[in-house]
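For reference, the structure discussed in these notes is given below.
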Amino acid sequence: MSEKELAIRAKNGSKEAFELLMRRYQKGLYNYIYRLTGYRDLAVDFTQEAFLRAYLSIDKYNPSYNFSTWLWRIAHNLVVDHFRKGKLNQVSLNMEVDGENVEYEVESRDPGPYEKQLNRERRDLIMKALEKLPPQLRELIVLRHFQELSYQEISEVTGLAFHEVKSKLFRAREKLRKLLEAYREAL
């Protein structure tokens with residue numbers, strides 16, 4: 001069943017349809033919030049709160065928009081309100097690196113240990129650079145490149161005009177590029 005069909009059913013009172021939407025978007029929403037806040041527990045709480053708010057206000061949902069965009073907007077507002085209240089002193093976008101590697105005795109197309117280490121170092125460098133960006137620019141990078149939202153969807157989530165999304169995202173990429181170059185030069 002499509003997102004739109006599920007959302008319309010949920011809007012018409014189907015708890016089962018809403019549960020299916022929750023299952024479909026729970027992981028992505030959690031990852032979005034975690035990347036913005038850097039705190040696992042907070043991301044879990046905000047994910048639950050976003051779904052609760054969506055459920056309680058499902059009658060306000062407009063089916064001409066994607067449910068996921070509406071849900072991301074709710075989460076966005078939760079995080080922004082939290083920042084405004086000064087409850088987060090420092091924003092971190094740390095990613096967990098694979099814990100234990102299990103080795104199999106079969107040929108694999110996965111990268112070898114050297115490539116895995118290089119990938120980890122690149123990922124850590126990118127995350128370190130992302131932490132240096134202002135929260136709004138960081139959010140735009142996360143929405144576009146980690147959540148793979150369109151410019152229009154980002155506009156709907158953040159409340160920024162379409163042209164603002166494009167120009168600020170361009171600025172965010174430039175700042176990120178310069179930070180990455182500075183890190184590379186320092187190595």
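Just so we're on the same page: first chain in the structure tokens is A, next is B, and so on; residues restart at 1 for each chain, and ligands are numbered from 1 in the order they show up.
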Item to complete: Tell me which protein, DNA and RNA residues are within 12 Å of Ser2 in chain A, counting only C-alpha atoms, leaving out same-chain ones fewer than 5 positions away, and put them as a list in words.
Response: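 Answer for this query is Ala7, Ile8, Arg9, Ala17, Leu20, Leu21, Arg24, Asn66, Phe67 and Ser68 of chain A.
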Item to complete: Would you mind listing what lies within 12 Å of Phe18 in chain A as a PyMOL selection string, with only C-alpha atoms counted and same-chain residues fewer than 2 positions away left out?
Response: chain A and resi 3-16+20-26+51-52+54-58+67-68+71
Please dump the current selection as a short mmCIF file (atom, residue, chain, number, x, y, z; two decimals), in the first residue's frame; keep C-alpha atoms.
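The resulting out-v7.cif:
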data_model
loop_
_atom_site.label_atom_id
_atom_site.label_comp_id
_atom_site.auth_asym_id
_atom_site.auth_seq_id
_atom_site.Cartn_x
_atom_site.Cartn_y
_atom_site.Cartn_z
CA GLU A 3 2.25 6.10 1.66
CA LYS A 4 -0.65 8.25 0.50
CA GLU A 5 -3.20 5.43 0.86
CA LEU A 6 -1.94 4.60 4.34
CA ALA A 7 -1.97 8.27 5.37
CA ILE A 8 -5.54 8.75 4.14
CA ARG A 9 -6.65 5.62 5.99
CA ALA A 10 -4.87 6.82 9.13
CA LYS A 11 -6.54 10.22 8.77
CA ASN A 12 -9.89 8.41 8.53
CA GLY A 13 -9.20 6.68 11.85
CA SER A 14 -7.34 3.48 10.95
CA LYS A 15 -4.89 2.71 13.76
CA GLU A 16 -3.46 -0.16 11.70
CA LEU A 20 2.26 0.71 9.26
CA LEU A 21 3.38 4.29 8.65
CA MET A 22 5.27 4.22 11.95
CA ARG A 23 7.07 1.02 11.00
CA ARG A 24 7.89 2.42 7.59
CA TYR A 25 9.43 5.68 8.87
CA GLN A 26 10.66 4.92 12.38
CA PHE A 51 4.87 10.03 16.11
CA LEU A 52 2.66 10.89 19.06
CA ALA A 54 1.46 13.12 14.29
CA TYR A 55 -1.10 10.67 15.65
CA LEU A 56 -2.83 13.31 17.77
CA SER A 57 -3.00 15.78 14.89
CA ILE A 58 -3.57 13.38 11.99
CA PHE A 67 3.13 12.03 4.93
CA SER A 68 6.87 11.61 5.41
CA LEU A 71 6.30 13.89 9.80
#
Item to complete: Within 7 Å of Val157 in chain A, counting only C-alpha atoms, which residues show up once you throw out same-chain ones fewer than 6 positions away? Write them as a ChimeraX atom specification, please.
Response: /A:69-70,72-73,76
Worksheet item: Which residue out of A:Tyr65, A:Tyr34, A:Leu160, A:Ile126 has the minimum interatomic distance to Arg177 in chain A when only C-alpha atoms are used?
Response: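 For Arg177 in chain A, the nearest of the given residues is A:Ile126.
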Worksheet entry | For Ile154 in chain A: contacts at 9 Å, only C-alpha atoms, fewer than 2 positions along chain excluded, given as a PyMOL selection string | chain A and resi 69+73+140+143-144+149-152+156-160+162+165
Saved selection, atoms kept: C-alpha atoms, as a PDB file, in the first residue's frame:
ATOM      1  CA  THR A  69       7.486  15.305   4.715  1.00  0.00           C
ATOM      2  CA  ARG A  73       8.406  18.763   9.707  1.00  0.00           C
ATOM      3  CA  LEU A 140      20.165  21.007   5.209  1.00  0.00           C
ATOM      4  CA  LEU A 143      18.145  16.271   4.843  1.00  0.00           C
ATOM      5  CA  ARG A 144      19.561  16.391   1.321  1.00  0.00           C
ATOM      6  CA  LEU A 149      14.918  14.648   0.351  1.00  0.00           C
ATOM      7  CA  SER A 150      14.202  16.874  -2.630  1.00  0.00           C
ATOM      8  CA  TYR A 151      14.607  20.640  -2.390  1.00  0.00           C
ATOM      9  CA  GLN A 152      10.828  20.993  -2.241  1.00  0.00           C
ATOM     10  CA  GLU A 156       8.372  21.920   3.507  1.00  0.00           C
ATOM     11  CA  VAL A 157      10.297  20.385   6.426  1.00  0.00           C
ATOM     12  CA  THR A 158      12.291  23.494   7.356  1.00  0.00           C
ATOM     13  CA  GLY A 159       9.799  26.198   6.397  1.00  0.00           C
ATOM     14  CA  LEU A 160      12.411  27.893   4.219  1.00  0.00           C
ATOM     15  CA  PHE A 162      12.578  26.929  -2.100  1.00  0.00           C
ATOM     16  CA  VAL A 165      16.976  26.026   0.483  1.00  0.00           C
TER      17      VAL A 165
END
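Interatomic distance, CA of Ala43 in chain A to CA of Phe146 in chain A: 15.8 Å.
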Worksheet entry | Contacts of Ile33 in chain A at 9 Å (only C-alpha atoms; same-chain gap of 2+ positions) as a list in words |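 Selected residues are Gly28, Leu29, Tyr30, Asn31, Arg35, Leu36, Thr37, Gly38, Tyr39, Arg40, Leu42, Ala43, Val44, Phe46, Thr47, Ala75, His76 and Val79 of chain A.
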Could those selected residues go to a file with N, CA and C atoms, as a short mmCIF file (atom, residue, chain, number, x, y, z; two decimals), in the first residue's frame?
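After the write, selection.cif holds the following:
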data_model
loop_
_atom_site.label_atom_id
_atom_site.label_comp_id
_atom_site.auth_asym_id
_atom_site.auth_seq_id
_atom_site.Cartn_x
_atom_site.Cartn_y
_atom_site.Cartn_z
N GLY A 28 14.21 5.84 9.71
CA GLY A 28 14.66 7.05 9.02
C GLY A 28 14.48 8.30 9.86
N LEU A 29 13.36 8.37 10.57
CA LEU A 29 13.11 9.53 11.42
C LEU A 29 14.10 9.56 12.58
N TYR A 30 14.34 8.41 13.19
CA TYR A 30 15.32 8.33 14.27
C TYR A 30 16.69 8.79 13.78
N ASN A 31 17.12 8.29 12.62
CA ASN A 31 18.43 8.66 12.08
C ASN A 31 18.52 10.16 11.81
N ARG A 35 21.15 12.51 13.87
CA ARG A 35 22.18 13.28 13.18
C ARG A 35 22.10 14.76 13.53
N LEU A 36 20.90 15.24 13.84
CA LEU A 36 20.76 16.65 14.22
C LEU A 36 21.20 16.90 15.65
N THR A 37 20.92 15.97 16.54
CA THR A 37 21.18 16.19 17.96
C THR A 37 22.47 15.54 18.44
N GLY A 38 22.81 14.38 17.89
CA GLY A 38 23.98 13.65 18.32
C GLY A 38 23.77 12.84 19.59
N TYR A 39 22.54 12.76 20.06
CA TYR A 39 22.23 12.03 21.29
C TYR A 39 21.21 10.93 21.00
N ARG A 40 21.60 9.69 21.29
CA ARG A 40 20.73 8.55 21.01
C ARG A 40 19.43 8.60 21.82
N LEU A 42 17.96 11.08 23.24
CA LEU A 42 17.13 12.20 22.80
C LEU A 42 16.46 11.87 21.46
N ALA A 43 17.19 11.22 20.57
CA ALA A 43 16.62 10.84 19.28
C ALA A 43 15.47 9.85 19.46
N VAL A 44 15.63 8.91 20.38
CA VAL A 44 14.54 7.96 20.66
C VAL A 44 13.32 8.71 21.19
N PHE A 46 12.53 11.93 20.89
CA PHE A 46 11.94 12.81 19.88
C PHE A 46 11.22 12.02 18.79
N THR A 47 11.74 10.84 18.46
CA THR A 47 11.06 10.00 17.47
C THR A 47 9.69 9.61 17.99
N ALA A 75 9.14 16.60 13.42
CA ALA A 75 10.42 16.32 14.10
C ALA A 75 11.33 17.54 14.06
N HIS A 76 11.38 18.20 12.93
CA HIS A 76 12.17 19.42 12.78
C HIS A 76 11.77 20.44 13.84
N VAL A 79 13.05 19.53 17.36
CA VAL A 79 14.48 19.79 17.54
C VAL A 79 14.75 21.29 17.62
#
Item to complete: Run DSSP on the backbone and grab whatever in range 111-181 of chain A lands in alpha helix (DSSP H); send it over as number ranges by chain.
Response: A: 113-132, 135-141, 151-158, 162-181
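Straight-line separation from CA of Gln136 in chain A to CA of Ile74 in chain A: 15.8 Å.
Of the residues under consideration (A:Gln147, A:Asn119, A:Asn77, A:Asn62), A:Gln147 shows the shortest atom-to-atom contact distance to Lys27 in chain A when counting only C-alpha atoms.
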Fill in: Minimum-distance residue to Leu179 in chain A, chosen among A:Ile141, A:Met127, A:Ala161, A:Leu78 (using only C-alpha atoms)
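Nearest to Leu179 in chain A: A:Met127.
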